[in-house]
$ cat run.tsv   # TSV, C-alpha atoms
chain	number	residue	atom	x	y	z
D	1286	MET	CA	78.63	-9.44	65.38
D	1287	ASN	CA	78.68	-10.60	61.83
D	1288	THR	CA	77.14	-14.00	61.56
D	1289	SER	CA	76.68	-15.58	58.14
D	1290	GLU	CA	72.93	-15.71	58.67
D	1291	ILE	CA	71.11	-12.44	59.24
D	1292	ILE	CA	67.99	-14.20	60.57
D	1293	GLN	CA	68.00	-17.38	62.61
D	1294	CYS	CA	64.76	-18.69	64.15
D	1295	THR	CA	64.67	-21.87	66.18
D	1296	ASN	CA	61.41	-23.46	67.20
D	1297	LEU	CA	59.95	-19.96	67.40
D	1298	GLN	CA	56.49	-19.81	68.96
D	1299	ARG	CA	53.95	-17.16	69.77
D	1300	THR	CA	50.52	-17.63	71.19
D	1301	PHE	CA	47.79	-15.08	71.79
D	1302	GLY	CA	45.54	-16.52	74.47
D	1303	LYS	CA	44.51	-19.87	73.01
D	1304	THR	CA	45.47	-18.94	69.46
D	1305	LYS	CA	48.80	-20.19	68.16
D	1306	ALA	CA	49.98	-17.50	65.76
D	1307	LEU	CA	53.37	-19.13	65.33
D	1308	ASN	CA	53.40	-22.83	65.92
D	1309	SER	CA	57.06	-23.65	65.49
D	1310	VAL	CA	59.14	-21.70	63.04
D	1311	ASP	CA	62.63	-22.85	62.07
D	1312	LEU	CA	64.20	-20.50	59.62
D	1313	SER	CA	67.55	-19.18	58.55
D	1314	VAL	CA	68.04	-16.42	56.01
D	1315	GLY	CA	71.38	-15.32	54.59
D	1316	ARG	CA	72.68	-11.87	53.65
D	1317	GLY	CA	72.25	-9.95	50.42
D	1318	ARG	CA	68.98	-11.66	49.52
D	1319	ILE	CA	65.49	-10.49	48.62
D	1320	VAL	CA	63.14	-12.92	50.29
D	1321	GLY	CA	59.38	-13.20	49.89
D	1322	LEU	CA	57.34	-14.22	52.91
D	1323	ALA	CA	54.10	-15.49	51.47
D	1324	ALA	CA	51.11	-16.84	53.26
D	1325	PRO	CA	47.35	-16.62	53.24
D	1326	ASN	CA	45.77	-14.23	55.71
D	1327	ALA	CA	46.19	-15.08	59.38
D	1328	ALA	CA	49.08	-17.50	58.86
D	1329	GLY	CA	51.48	-15.60	61.09
D	1330	LYS	CA	53.31	-13.23	58.70
D	1331	THR	CA	52.87	-10.08	60.73
D	1332	THR	CA	53.55	-11.86	64.02
D	1333	LEU	CA	56.85	-13.21	62.67
D	1334	ILE	CA	57.89	-9.82	61.33
D	1335	LYS	CA	56.97	-8.06	64.55
D	1336	ILE	CA	59.07	-10.49	66.56
D	1337	LEU	CA	62.03	-9.89	64.22
D	1338	ALA	CA	61.46	-6.15	64.53
D	1339	GLY	CA	61.57	-6.46	68.31
D	1340	LEU	CA	57.96	-5.35	68.84
D	1341	LEU	CA	56.63	-8.67	70.11
D	1342	GLN	CA	58.16	-11.18	72.45
D	1343	PRO	CA	58.08	-14.87	71.47
D	1344	THR	CA	56.34	-17.24	73.89
D	1345	GLY	CA	58.79	-20.03	73.01
D	1346	GLY	CA	61.96	-20.72	71.06
D	1347	SER	CA	64.17	-17.93	69.78
D	1348	ALA	CA	64.73	-15.46	67.00
D	1349	LEU	CA	68.19	-14.02	66.39
D	1350	ILE	CA	69.13	-11.11	64.14
D	1351	ASP	CA	72.82	-11.04	63.32
D	1352	GLY	CA	73.27	-13.47	66.19
D	1353	GLU	CA	71.54	-11.28	68.77
D	1354	LEU	CA	68.14	-11.32	70.39
D	1355	PRO	CA	65.92	-8.51	69.08
D	1356	GLY	CA	66.73	-5.39	71.09
D	1357	VAL	CA	68.58	-2.12	70.93
D	1358	TYR	CA	71.43	-3.42	68.77
D	1359	THR	CA	69.26	-5.29	66.27
D	1360	LYS	CA	67.04	-2.23	65.84
D	1361	THR	CA	70.03	-0.20	64.72
D	1362	ILE	CA	70.59	-2.58	61.81
D	1363	THR	CA	66.94	-3.38	61.01
D	1364	ALA	CA	64.62	-1.13	59.01
D	1365	TYR	CA	60.99	-2.03	59.61
D	1366	LEU	CA	57.96	-1.08	57.53
D	1367	PRO	CA	54.80	-1.74	59.59
D	1368	ASP	CA	51.68	-3.18	57.97
D	1369	LYS	CA	49.89	0.10	58.67
D	1370	PRO	CA	51.72	3.39	58.62
D	1371	CYS	CA	51.55	5.17	61.95
D	1372	PHE	CA	52.55	8.78	62.36
D	1373	PRO	CA	51.47	11.19	65.09
D	1374	ASP	CA	48.87	13.72	63.98
D	1375	TRP	CA	51.05	16.78	64.34
D	1376	MET	CA	53.81	15.61	62.03
D	1377	ARG	CA	54.66	17.13	58.69
D	1378	VAL	CA	56.60	15.09	56.13
D	1379	GLN	CA	59.74	17.02	57.03
D	1380	ASP	CA	59.32	16.15	60.74
D	1381	SER	CA	59.20	12.46	59.96
D	1382	ILE	CA	62.41	12.77	57.97
D	1383	ASP	CA	64.07	14.67	60.81
D	1384	ILE	CA	63.03	12.10	63.38
D	1385	TYR	CA	64.34	9.21	61.29
D	1386	ALA	CA	67.59	11.07	60.65
D	1387	ASP	CA	67.91	11.77	64.36
D	1388	PHE	CA	67.07	8.24	65.41
D	1389	TYR	CA	69.00	6.11	62.94
D	1390	THR	CA	72.67	6.71	62.25
D	1391	ASP	CA	72.39	4.84	58.96
D	1392	PHE	CA	69.72	7.23	57.63
D	1393	ASP	CA	70.73	8.97	54.41
D	1394	ARG	CA	69.11	12.40	54.02
D	1395	ASN	CA	70.21	12.73	50.42
D	1396	LYS	CA	68.48	9.53	49.55
D	1397	ALA	CA	65.35	10.65	51.39
D	1398	ASN	CA	65.32	13.92	49.45
D	1399	GLU	CA	65.85	12.14	46.20
D	1400	ILE	CA	63.01	9.67	46.77
D	1401	SER	CA	60.68	12.43	48.04
D	1402	ARG	CA	61.29	14.38	44.84
D	1403	THR	CA	60.50	11.41	42.60
D	1404	LEU	CA	57.42	10.65	44.67
D	1405	LYS	CA	56.44	14.34	44.57
D	1406	LEU	CA	56.05	14.39	48.34
D	1407	ASP	CA	55.61	17.95	49.58
D	1408	ARG	CA	57.73	18.11	52.71
D	1409	ASN	CA	55.72	20.86	54.37
D	1410	VAL	CA	52.44	19.05	54.26
D	1411	ALA	CA	50.86	17.53	57.38
D	1412	ILE	CA	51.01	13.75	57.20
D	1413	ARG	CA	47.43	13.32	58.46
D	1414	THR	CA	46.17	15.07	55.29
D	1415	LEU	CA	47.88	12.56	53.00
D	1416	SER	CA	45.94	9.76	51.30
D	1417	LYS	CA	46.44	6.19	52.49
D	1418	GLY	CA	48.58	5.35	49.46
D	1419	THR	CA	50.76	8.43	49.86
D	1420	LYS	CA	51.30	7.65	53.54
D	1421	GLU	CA	52.51	4.21	52.53
D	1422	LYS	CA	54.88	5.75	50.03
D	1423	LEU	CA	56.23	8.07	52.69
D	1424	GLN	CA	56.75	5.17	55.06
D	1425	LEU	CA	58.60	3.18	52.41
D	1426	MET	CA	60.73	6.20	51.56
D	1427	LEU	CA	61.79	6.53	55.19
D	1428	VAL	CA	62.60	2.85	55.51
D	1429	MET	CA	64.51	2.58	52.22
D	1430	SER	CA	66.56	5.68	53.03
D	1431	ARG	CA	68.37	3.68	55.67
D	1432	LYS	CA	71.46	1.63	54.93
D	1433	ALA	CA	70.25	-1.30	56.98
D	1434	GLN	CA	71.42	-4.89	57.12
D	1435	LEU	CA	67.87	-6.15	57.28
D	1436	TYR	CA	64.73	-4.59	55.80
D	1437	LEU	CA	61.46	-5.98	57.11
D	1438	LEU	CA	58.63	-4.90	54.82
D	1439	ASP	CA	55.19	-5.97	55.98
D	1440	GLU	CA	52.83	-5.83	52.99
D	1441	PRO	CA	54.50	-2.78	51.40
D	1442	LEU	CA	52.20	-2.81	48.38
D	1443	ALA	CA	48.86	-3.38	50.03
D	1444	GLY	CA	47.23	0.04	49.62
D	1445	ILE	CA	48.85	1.22	46.42
D	1446	ASP	CA	47.59	1.56	42.87
D	1447	PRO	CA	49.26	-0.56	40.16
D	1448	ALA	CA	51.17	2.38	38.66
D	1449	ALA	CA	52.66	3.36	42.01
D	1450	ARG	CA	53.39	-0.30	42.66
D	1451	ASP	CA	56.06	-0.36	39.95
D	1452	PHE	CA	57.56	2.71	41.48
D	1453	MET	CA	57.60	1.11	44.94
D	1454	LEU	CA	59.31	-1.99	43.58
D	1455	HIS	CA	61.77	0.26	41.82
D	1456	THR	CA	62.42	2.07	45.10
D	1457	ILE	CA	63.06	-1.23	46.85
D	1458	VAL	CA	65.53	-2.50	44.23
D	1459	ALA	CA	67.25	0.84	43.75
D	1460	GLY	CA	67.35	1.58	47.45
D	1461	TYR	CA	68.38	-1.45	49.36
D	1462	ASN	CA	71.87	-1.84	50.61
D	1463	GLU	CA	73.30	-4.68	48.52
D	1464	ALA	CA	74.88	-6.43	51.45
D	1465	GLY	CA	71.52	-6.24	53.22
D	1466	THR	CA	68.60	-8.64	53.13
D	1467	VAL	CA	65.04	-7.62	52.32
D	1468	LEU	CA	62.17	-9.65	53.73
D	1469	ILE	CA	58.88	-8.74	52.02
D	1470	SER	CA	55.64	-10.19	53.28
D	1471	THR	CA	52.75	-10.44	50.87
D	1472	HIS	CA	49.69	-12.43	49.99
D	1473	LEU	CA	49.96	-11.33	46.35
D	1474	ILE	CA	53.07	-13.01	45.03
D	1475	THR	CA	52.67	-11.93	41.42
D	1476	ASP	CA	53.50	-8.38	42.48
D	1477	VAL	CA	56.94	-9.27	43.74
D	1478	GLU	CA	57.66	-12.56	41.97
D	1479	LYS	CA	60.38	-11.19	39.69
D	1480	LEU	CA	62.26	-9.60	42.57
D	1481	LEU	CA	62.71	-12.59	44.78
D	1482	ASP	CA	65.78	-14.70	45.40
D	1483	GLU	CA	63.98	-16.94	47.83
D	1484	VAL	CA	60.46	-17.60	48.99
D	1485	ILE	CA	59.12	-18.74	52.30
D	1486	PHE	CA	55.60	-20.09	52.58
D	1487	LEU	CA	53.97	-19.97	55.99
D	1488	LYS	CA	51.00	-22.11	56.80
D	1489	GLU	CA	49.18	-22.10	60.11
D	1490	GLY	CA	52.18	-20.70	61.92
D	1491	SER	CA	54.89	-22.95	60.44
D	1492	VAL	CA	57.26	-22.75	57.50
D	1493	VAL	CA	56.04	-25.23	54.88
D	1494	LEU	CA	58.46	-24.24	52.12
D	1495	HIS	CA	61.70	-22.29	51.82
D	1496	ARG	CA	63.35	-22.41	48.41
D	1497	SER	CA	65.07	-20.42	45.72
D	1498	ALA	CA	62.52	-18.81	43.38
D	1499	GLU	CA	64.48	-19.71	40.24
D	1500	GLU	CA	64.81	-23.29	41.44
D	1501	ILE	CA	61.03	-23.51	41.77
D	1502	ARG	CA	60.56	-22.24	38.21
D	1503	GLU	CA	63.29	-24.57	36.97
D	1504	THR	CA	62.24	-27.79	38.66
D	1505	GLU	CA	58.47	-27.32	38.87
D	1506	GLY	CA	58.08	-25.52	35.55
D	1507	LYS	CA	55.68	-23.11	37.16
D	1508	SER	CA	55.78	-19.68	38.69
D	1509	VAL	CA	56.03	-19.18	42.43
D	1510	ASP	CA	52.54	-17.74	42.30
D	1511	GLU	CA	51.17	-20.90	40.66
D	1512	LEU	CA	52.89	-23.07	43.25
D	1513	PHE	CA	51.45	-20.92	46.01
D	1514	ARG	CA	47.93	-21.21	44.62
D	1515	GLU	CA	48.35	-24.96	44.39
D	1516	MET	CA	49.59	-25.37	47.93
D	1517	PHE	CA	46.96	-23.11	49.40
D	1518	ARG	CA	44.04	-24.05	47.23
D	1519	PHE	CA	40.74	-23.51	48.90
D	1520	GLU	CA	39.33	-26.89	49.68
D	1521	ALA	CA	35.61	-26.97	50.22
P	1159	MET	CA	66.40	-2.29	26.95
P	1160	ASP	CA	62.84	-3.49	26.84
P	1161	PHE	CA	62.40	-6.74	28.74
P	1162	LYS	CA	59.32	-8.92	28.51
P	1163	LEU	CA	59.17	-11.56	31.19
P	1164	LYS	CA	56.86	-14.42	31.91
P	1165	ASP	CA	56.80	-15.98	35.33
P	1166	ALA	CA	56.92	-19.69	34.68
P	1167	ARG	CA	60.40	-19.98	33.10
P	1168	PRO	CA	63.54	-19.22	35.10
P	1169	ILE	CA	63.91	-15.48	34.84
P	1170	TRP	CA	67.68	-15.46	34.36
P	1171	GLN	CA	67.26	-17.57	31.22
P	1172	GLN	CA	64.68	-15.19	29.80
P	1173	LEU	CA	66.92	-12.23	30.56
P	1174	ALA	CA	69.95	-13.96	29.00
P	1175	ASP	CA	67.96	-14.81	25.86
P	1176	GLN	CA	66.67	-11.29	25.45
P	1177	MET	CA	70.05	-9.67	26.00
P	1178	THR	CA	71.67	-12.11	23.56
P	1179	GLU	CA	69.06	-11.13	21.02
P	1180	SER	CA	69.71	-7.43	21.59
P	1181	ILE	CA	73.40	-7.96	20.87
P	1182	VAL	CA	73.14	-10.12	17.75
P	1183	THR	CA	70.48	-7.87	16.25
P	1184	GLY	CA	72.76	-4.89	16.74
P	1185	GLU	CA	70.80	-2.99	19.38
P	1186	TYR	CA	74.14	-3.04	21.15
P	1187	GLN	CA	77.06	-2.70	18.74
P	1188	PRO	CA	80.34	-4.64	18.93
P	1189	GLY	CA	82.62	-2.94	21.42
P	1190	GLU	CA	79.79	-0.89	22.93
P	1191	ARG	CA	79.62	-0.45	26.69
P	1192	PHE	CA	76.90	-2.60	28.27
P	1193	PRO	CA	74.73	-1.10	31.07
P	1194	SER	CA	75.47	-1.97	34.71
P	1195	VAL	CA	73.83	-4.82	36.61
P	1196	ARG	CA	71.79	-2.46	38.72
P	1197	ASP	CA	70.53	-0.38	35.77
P	1198	LEU	CA	69.55	-3.50	33.88
P	1199	ALA	CA	67.89	-4.97	36.96
P	1200	LEU	CA	65.87	-1.78	37.40
P	1201	GLN	CA	64.85	-1.73	33.75
P	1202	ALA	CA	63.68	-5.33	33.94
P	1203	GLY	CA	62.19	-4.97	37.42
P	1204	VAL	CA	64.16	-7.96	38.67
P	1205	ASN	CA	66.52	-8.81	41.46
P	1206	PRO	CA	70.13	-7.72	40.78
P	1207	ASN	CA	71.34	-11.24	41.67
P	1208	THR	CA	69.14	-12.66	38.90
P	1209	MET	CA	70.47	-10.12	36.41
P	1210	GLN	CA	74.00	-10.95	37.46
P	1211	ARG	CA	73.39	-14.59	36.71
P	1212	ALA	CA	72.05	-13.75	33.24
P	1213	LEU	CA	75.06	-11.55	32.51
P	1214	SER	CA	77.41	-14.33	33.60
P	1215	LYS	CA	75.79	-16.51	30.99
P	1216	LEU	CA	76.59	-13.94	28.28
P	1217	GLU	CA	80.14	-13.71	29.54
P	1218	GLU	CA	80.40	-17.48	29.29
P	1219	THR	CA	79.24	-17.41	25.67
P	1220	GLY	CA	81.76	-14.67	25.06
P	1221	LEU	CA	79.20	-12.09	23.96
P	1222	LEU	CA	80.21	-9.80	26.80
P	1223	ILE	CA	83.75	-9.06	27.87
P	1224	THR	CA	84.30	-7.93	31.43
P	1225	SER	CA	87.35	-6.01	32.43
P	1226	ARG	CA	88.04	-4.93	35.95
P	1227	THR	CA	88.33	-1.27	35.04
P	1228	ALA	CA	86.12	-0.72	32.01
P	1229	GLY	CA	83.01	-2.66	33.09
P	1230	ARG	CA	81.22	-4.78	30.53
P	1231	ASN	CA	81.50	-4.37	26.77
P	1232	VAL	CA	80.00	-6.19	23.81
P	1233	THR	CA	82.54	-8.46	22.13
P	1234	GLU	CA	84.19	-7.32	18.90
P	1235	ASP	CA	84.91	-10.90	17.90
P	1236	GLU	CA	82.88	-11.45	14.72
P	1237	GLU	CA	83.42	-15.17	15.02
P	1238	ILE	CA	81.46	-15.32	18.29
P	1239	LEU	CA	78.67	-13.10	17.00
P	1240	ARG	CA	78.34	-15.24	13.90
P	1241	ALA	CA	78.26	-18.45	15.94
P	1242	VAL	CA	75.51	-17.13	18.21
P	1243	ARG	CA	73.51	-15.84	15.25
P	1244	ARG	CA	73.77	-19.26	13.65
P	1245	GLN	CA	72.59	-20.97	16.83
P	1246	LEU	CA	69.54	-18.73	16.99
P	1247	ALA	CA	68.78	-19.27	13.31
P	1248	GLU	CA	69.10	-23.03	13.77
P	1249	LYS	CA	66.65	-22.97	16.64
P	1250	ARG	CA	64.05	-20.92	14.77
P	1251	VAL	CA	64.28	-22.99	11.59
P	1252	ALA	CA	63.93	-26.17	13.62
P	1253	GLU	CA	60.84	-24.74	15.30
P	1254	TYR	CA	59.39	-23.73	11.95
P	1255	LEU	CA	59.96	-27.14	10.43
P	1256	GLU	CA	58.50	-28.86	13.44
P	1257	ASP	CA	55.38	-26.67	13.36
P	1258	MET	CA	54.95	-27.25	9.64
P	1259	GLU	CA	55.32	-30.97	10.14
P	1260	LYS	CA	52.51	-30.87	12.67
P	1261	LEU	CA	50.40	-29.17	10.02
P	1262	GLY	CA	51.23	-32.04	7.67
P	1263	PHE	CA	53.87	-30.51	5.40
P	1264	SER	CA	57.14	-32.21	4.55
P	1265	ARG	CA	60.50	-30.54	5.07
P	1266	GLY	CA	60.90	-29.95	1.34
P	1267	LYS	CA	57.46	-28.43	1.05
P	1268	ALA	CA	58.05	-26.22	4.10
P	1269	ALA	CA	61.40	-25.02	2.74
P	1270	GLU	CA	59.93	-24.28	-0.68
P	1271	TYR	CA	57.03	-22.41	0.88
P	1272	ALA	CA	59.37	-20.32	3.03
P	1273	GLY	CA	61.64	-19.62	0.07
P	1274	ASN	CA	58.86	-18.24	-2.13
P	1275	PHE	CA	56.88	-16.74	0.68
P	1276	ARG	CA	54.60	-13.78	0.23
P	1277	LYS	CA	51.33	-13.16	2.03
P	1278	GLY	CA	48.32	-15.11	0.77
P	1279	GLN	CA	50.47	-17.59	-1.10
P	1280	GLU	CA	48.95	-21.00	-1.92
P	1281	LEU	CA	50.55	-24.10	-0.47
$ encode --input "run.tsv" --output "structure tokens"
Amino acid sequence: MNTSEIIQCTNLQRTFGKTKALNSVDLSVGRGRIVGLAAPNAAGKTTLIKILAGLLQPTGGSALIDGELPGVYTKTITAYLPDKPCFPDWMRVQDSIDIYADFYTDFDRNKANEISRTLKLDRNVAIRTLSKGTKEKLQLMLVMSRKAQLYLLDEPLAGIDPAARDFMLHTIVAGYNEAGTVLISTHLITDVEKLLDEVIFLKEGSVVLHRSAEEIRETEGKSVDELFREMFRFEA
Amino acid sequence: MDFKLKDARPIWQQLADQMTESIVTGEYQPGERFPSVRDLALQAGVNPNTMQRALSKLEETGLLITSRTAGRNVTEDEEILRAVRRQLAEKRVAEYLEDMEKLGFSRGKAAEYAGNFRKGQEL
């Protein structure tokens, strides 16, 4: 398949018991874009990303990746960065690279080596001994070493110091396949503001805004971050 | 190139302005090869699509010449460089005069002050 939209959600819903995590999401995202998914905590970001990654089933409506329901095919073209890195205890850095290379045909070992060198990741070290930030870097390295059509990055900058943050952003821009789309979820827009083509704001499980970032700056005369703060201002 | 970006103005415009500046001030010489979209995007920490849009603007003004084989080069047309320099000068002088007017100085006075300017000079 090669639909013009890489992501297409129609009336997408997900409930957990009585809680509606996704109320009704209608969304289409094109190819070759870097898209910010911004929302306050508990607005449904991770739920949406997990459905797109094929890890959660919707309770209503549908989500299509490249025209297909999330499944074996969509996983071959989707690179997913979970909100928390998870590696088995026994793994060394090299093992994680081997597993990714084995699992995904679009994995590029050269790229992985190159990024590991710049990140100064020792490949013989056990992953469980790495700091939280270094684990996140490793996870991002693995994801960005794939030539995917869709990158789903759930809070890629959450546990990282500001200096490493620039490096991570650099890795994302330098690494992504230009025909591919990157969806980055965040609650700190300033960090990624300059990278974004488009932004999506989620509120209480629904999309409340989906626009071009430059268009927002042009027509509103304010940054995406300012607009976000305005729309989600804490009202006491 | 050293980019300084603020968030509230469209980023492509800021990039275009700063690259224009770097050409007319001679940081990039006439005829010199201009860096690639991706390299510039990485230097500025922006989306390659945004950088592309800024570069298109410079191509429109004629400051950059794109050829299919040789990539992007700075124009060697002095006429264009002069015209862009004049535009920038116009804008800055207009800003100066406007600021001085706000401070209560006439155009003539502002011009005279600028002409004889040294630090600590009486107005």
$ closest_residue --input "run.tsv" --among "D:Lys1405, D:Lys1488, D:Lys1417, D:Arg1496" --to "D:Ser1309" --atoms "all atoms listed in the file"
D:Lys1488
$ closest_residue --input "run.tsv" --among "D:Asp1407, D:Leu1415, D:Met1453, D:Asp1368" --to "D:Leu1480" --atoms "only C-alpha atoms"
D:Met1453
$ atom_distance --input "run.tsv" --atom1 "atom CA of P:Met1209" --atom2 "atom CA of P:Val1195"
6.3 Å
$ closest_residue --input "run.tsv" --among "P:Thr1183, P:Lys1267, P:Phe1161, P:Ala1199" --to "chain D" --atoms "all atoms listed in the file"
P:Ala1199
$ interface_residues --input "run.tsv" --of "chain D" --to "chain P" --cutoff "10 Å" --atoms "all atoms listed in the file" --output "JSON, numbers by chain"
{"D": [1317, 1318, 1319, 1451, 1452, 1454, 1455, 1456, 1457, 1458, 1459, 1463, 1475, 1477, 1478, 1479, 1480, 1481, 1482, 1498, 1499, 1500, 1501, 1502, 1503, 1504, 1505, 1506, 1507, 1508, 1509, 1510, 1511]}
$ residues_around --input "run.tsv" --residues "stretch 1233-1236 of chain P" --least-positions-apart "6" --cutoff "9 Å" --atoms "only C-alpha atoms" --output "PyMOL selection string"
chain P and resi 1187-1190+1220-1223
$ closest_residue --input "run.tsv" --among "P:Ser1225, P:Arg1240, P:Asp1175, P:Arg1230" --to "P:Phe1192" --atoms "only C-alpha atoms"
P:Arg1230
$ residues_around --input "run.tsv" --residues "D:Glu1421" --least-positions-apart "2" --cutoff "8 Å" --atoms "all atoms listed in the file" --output "ChimeraX atom specification"
/D:1369-1370,1417-1419,1423-1425,1441,1444-1445
$ closest_residue --input "run.tsv" --among "P:Arg1226, P:Lys1162, P:Arg1243, P:Arg1191" --to "P:Glu1179" --atoms "all atoms listed in the file"
P:Arg1243
$ residues_around --input "run.tsv" --residues "D:Ala1433" --least-positions-apart "3" --cutoff "9 Å" --atoms "all atoms listed in the file" --output "number ranges by chain"
D: 1361-1364, 1391-1392, 1428-1430, 1436, 1461-1462, 1464-1466
$ atom_distance --input "run.tsv" --atom1 "atom CA of D:Leu1404" --atom2 "atom CA of D:Met1376"
18.4 Å
$ atom_distance --input "run.tsv" --atom1 "atom CA of D:Ala1328" --atom2 "atom CA of D:Phe1486"
9.4 Å
$ closest_residue --input "run.tsv" --among "D:Ala1324, D:Arg1394, D:Gln1293, D:Arg1402" --to "D:Ala1348" --atoms "all atoms listed in the file"
D:Gln1293
$ residues_around --input "run.tsv" --residues "D:Leu1473" --least-positions-apart "6" --cutoff "10 Å" --atoms "all atoms listed in the file" --output "JSON, numbers by chain"
{"D": [1323, 1324, 1325, 1440, 1442, 1443, 1510, 1513]}
$ axis_aligned_box --input "run.tsv" --around "stretch 1189-1198 of chain P" --padding-each-side "3 Å" --output "AutoDock Vina command-line options"
--center_x 76.1 --center_y -2.6 --center_z 30.1 --size_x 19.1 --size_y 10.4 --size_z 23.3
$ build_atoms --input "run.tsv" --residues "stretch 1353-1369 of chain D" --atoms "N, CA and C atoms" --output "PDB file, in the coordinates of the input"
ATOM      1  N   GLU D1353      71.978 -11.892  67.512  1.00  0.00           N
ATOM      2  CA  GLU D1353      71.540 -11.280  68.770  1.00  0.00           C
ATOM      3  C   GLU D1353      70.024 -11.355  68.917  1.00  0.00           C
ATOM      4  N   LEU D1354      69.573 -11.399  70.160  1.00  0.00           N
ATOM      5  CA  LEU D1354      68.140 -11.320  70.390  1.00  0.00           C
ATOM      6  C   LEU D1354      67.654  -9.922  69.992  1.00  0.00           C
ATOM      7  N   PRO D1355      66.426  -9.823  69.447  1.00  0.00           N
ATOM      8  CA  PRO D1355      65.920  -8.510  69.080  1.00  0.00           C
ATOM      9  C   PRO D1355      65.998  -7.537  70.250  1.00  0.00           C
ATOM     10  N   GLY D1356      66.541  -6.373  70.026  1.00  0.00           N
ATOM     11  CA  GLY D1356      66.730  -5.390  71.090  1.00  0.00           C
ATOM     12  C   GLY D1356      67.372  -4.151  70.512  1.00  0.00           C
ATOM     13  N   VAL D1357      68.020  -3.399  71.372  1.00  0.00           N
ATOM     14  CA  VAL D1357      68.580  -2.120  70.930  1.00  0.00           C
ATOM     15  C   VAL D1357      69.528  -2.304  69.738  1.00  0.00           C
ATOM     16  N   TYR D1358      70.464  -3.253  69.868  1.00  0.00           N
ATOM     17  CA  TYR D1358      71.430  -3.420  68.770  1.00  0.00           C
ATOM     18  C   TYR D1358      70.736  -3.802  67.465  1.00  0.00           C
ATOM     19  N   THR D1359      69.844  -4.808  67.533  1.00  0.00           N
ATOM     20  CA  THR D1359      69.260  -5.290  66.270  1.00  0.00           C
ATOM     21  C   THR D1359      68.423  -4.187  65.619  1.00  0.00           C
ATOM     22  N   LYS D1360      67.841  -3.312  66.433  1.00  0.00           N
ATOM     23  CA  LYS D1360      67.040  -2.230  65.840  1.00  0.00           C
ATOM     24  C   LYS D1360      67.903  -1.231  65.082  1.00  0.00           C
ATOM     25  N   THR D1361      69.167  -1.125  65.456  1.00  0.00           N
ATOM     26  CA  THR D1361      70.030  -0.200  64.720  1.00  0.00           C
ATOM     27  C   THR D1361      70.364  -0.730  63.326  1.00  0.00           C
ATOM     28  N   ILE D1362      70.243  -2.037  63.128  1.00  0.00           N
ATOM     29  CA  ILE D1362      70.590  -2.580  61.810  1.00  0.00           C
ATOM     30  C   ILE D1362      69.357  -3.067  61.049  1.00  0.00           C
ATOM     31  N   THR D1363      68.171  -2.894  61.634  1.00  0.00           N
ATOM     32  CA  THR D1363      66.940  -3.380  61.010  1.00  0.00           C
ATOM     33  C   THR D1363      66.015  -2.216  60.655  1.00  0.00           C
ATOM     34  N   ALA D1364      65.583  -2.158  59.417  1.00  0.00           N
ATOM     35  CA  ALA D1364      64.620  -1.130  59.010  1.00  0.00           C
ATOM     36  C   ALA D1364      63.263  -1.812  58.817  1.00  0.00           C
ATOM     37  N   TYR D1365      62.284  -1.335  59.561  1.00  0.00           N
ATOM     38  CA  TYR D1365      60.990  -2.030  59.610  1.00  0.00           C
ATOM     39  C   TYR D1365      59.877  -1.173  59.023  1.00  0.00           C
ATOM     40  N   LEU D1366      59.136  -1.744  58.098  1.00  0.00           N
ATOM     41  CA  LEU D1366      57.960  -1.080  57.530  1.00  0.00           C
ATOM     42  C   LEU D1366      56.721  -1.770  58.082  1.00  0.00           C
ATOM     43  N   PRO D1367      55.966  -1.099  58.975  1.00  0.00           N
ATOM     44  CA  PRO D1367      54.800  -1.740  59.590  1.00  0.00           C
ATOM     45  C   PRO D1367      53.686  -1.988  58.560  1.00  0.00           C
ATOM     46  N   ASP D1368      52.754  -2.873  58.917  1.00  0.00           N
ATOM     47  CA  ASP D1368      51.680  -3.180  57.970  1.00  0.00           C
ATOM     48  C   ASP D1368      50.734  -1.991  57.799  1.00  0.00           C
ATOM     49  N   LYS D1369      50.644  -1.149  58.837  1.00  0.00           N
ATOM     50  CA  LYS D1369      49.890   0.100  58.670  1.00  0.00           C
ATOM     51  C   LYS D1369      50.829   1.240  59.056  1.00  0.00           C
TER      52      LYS D1369
END
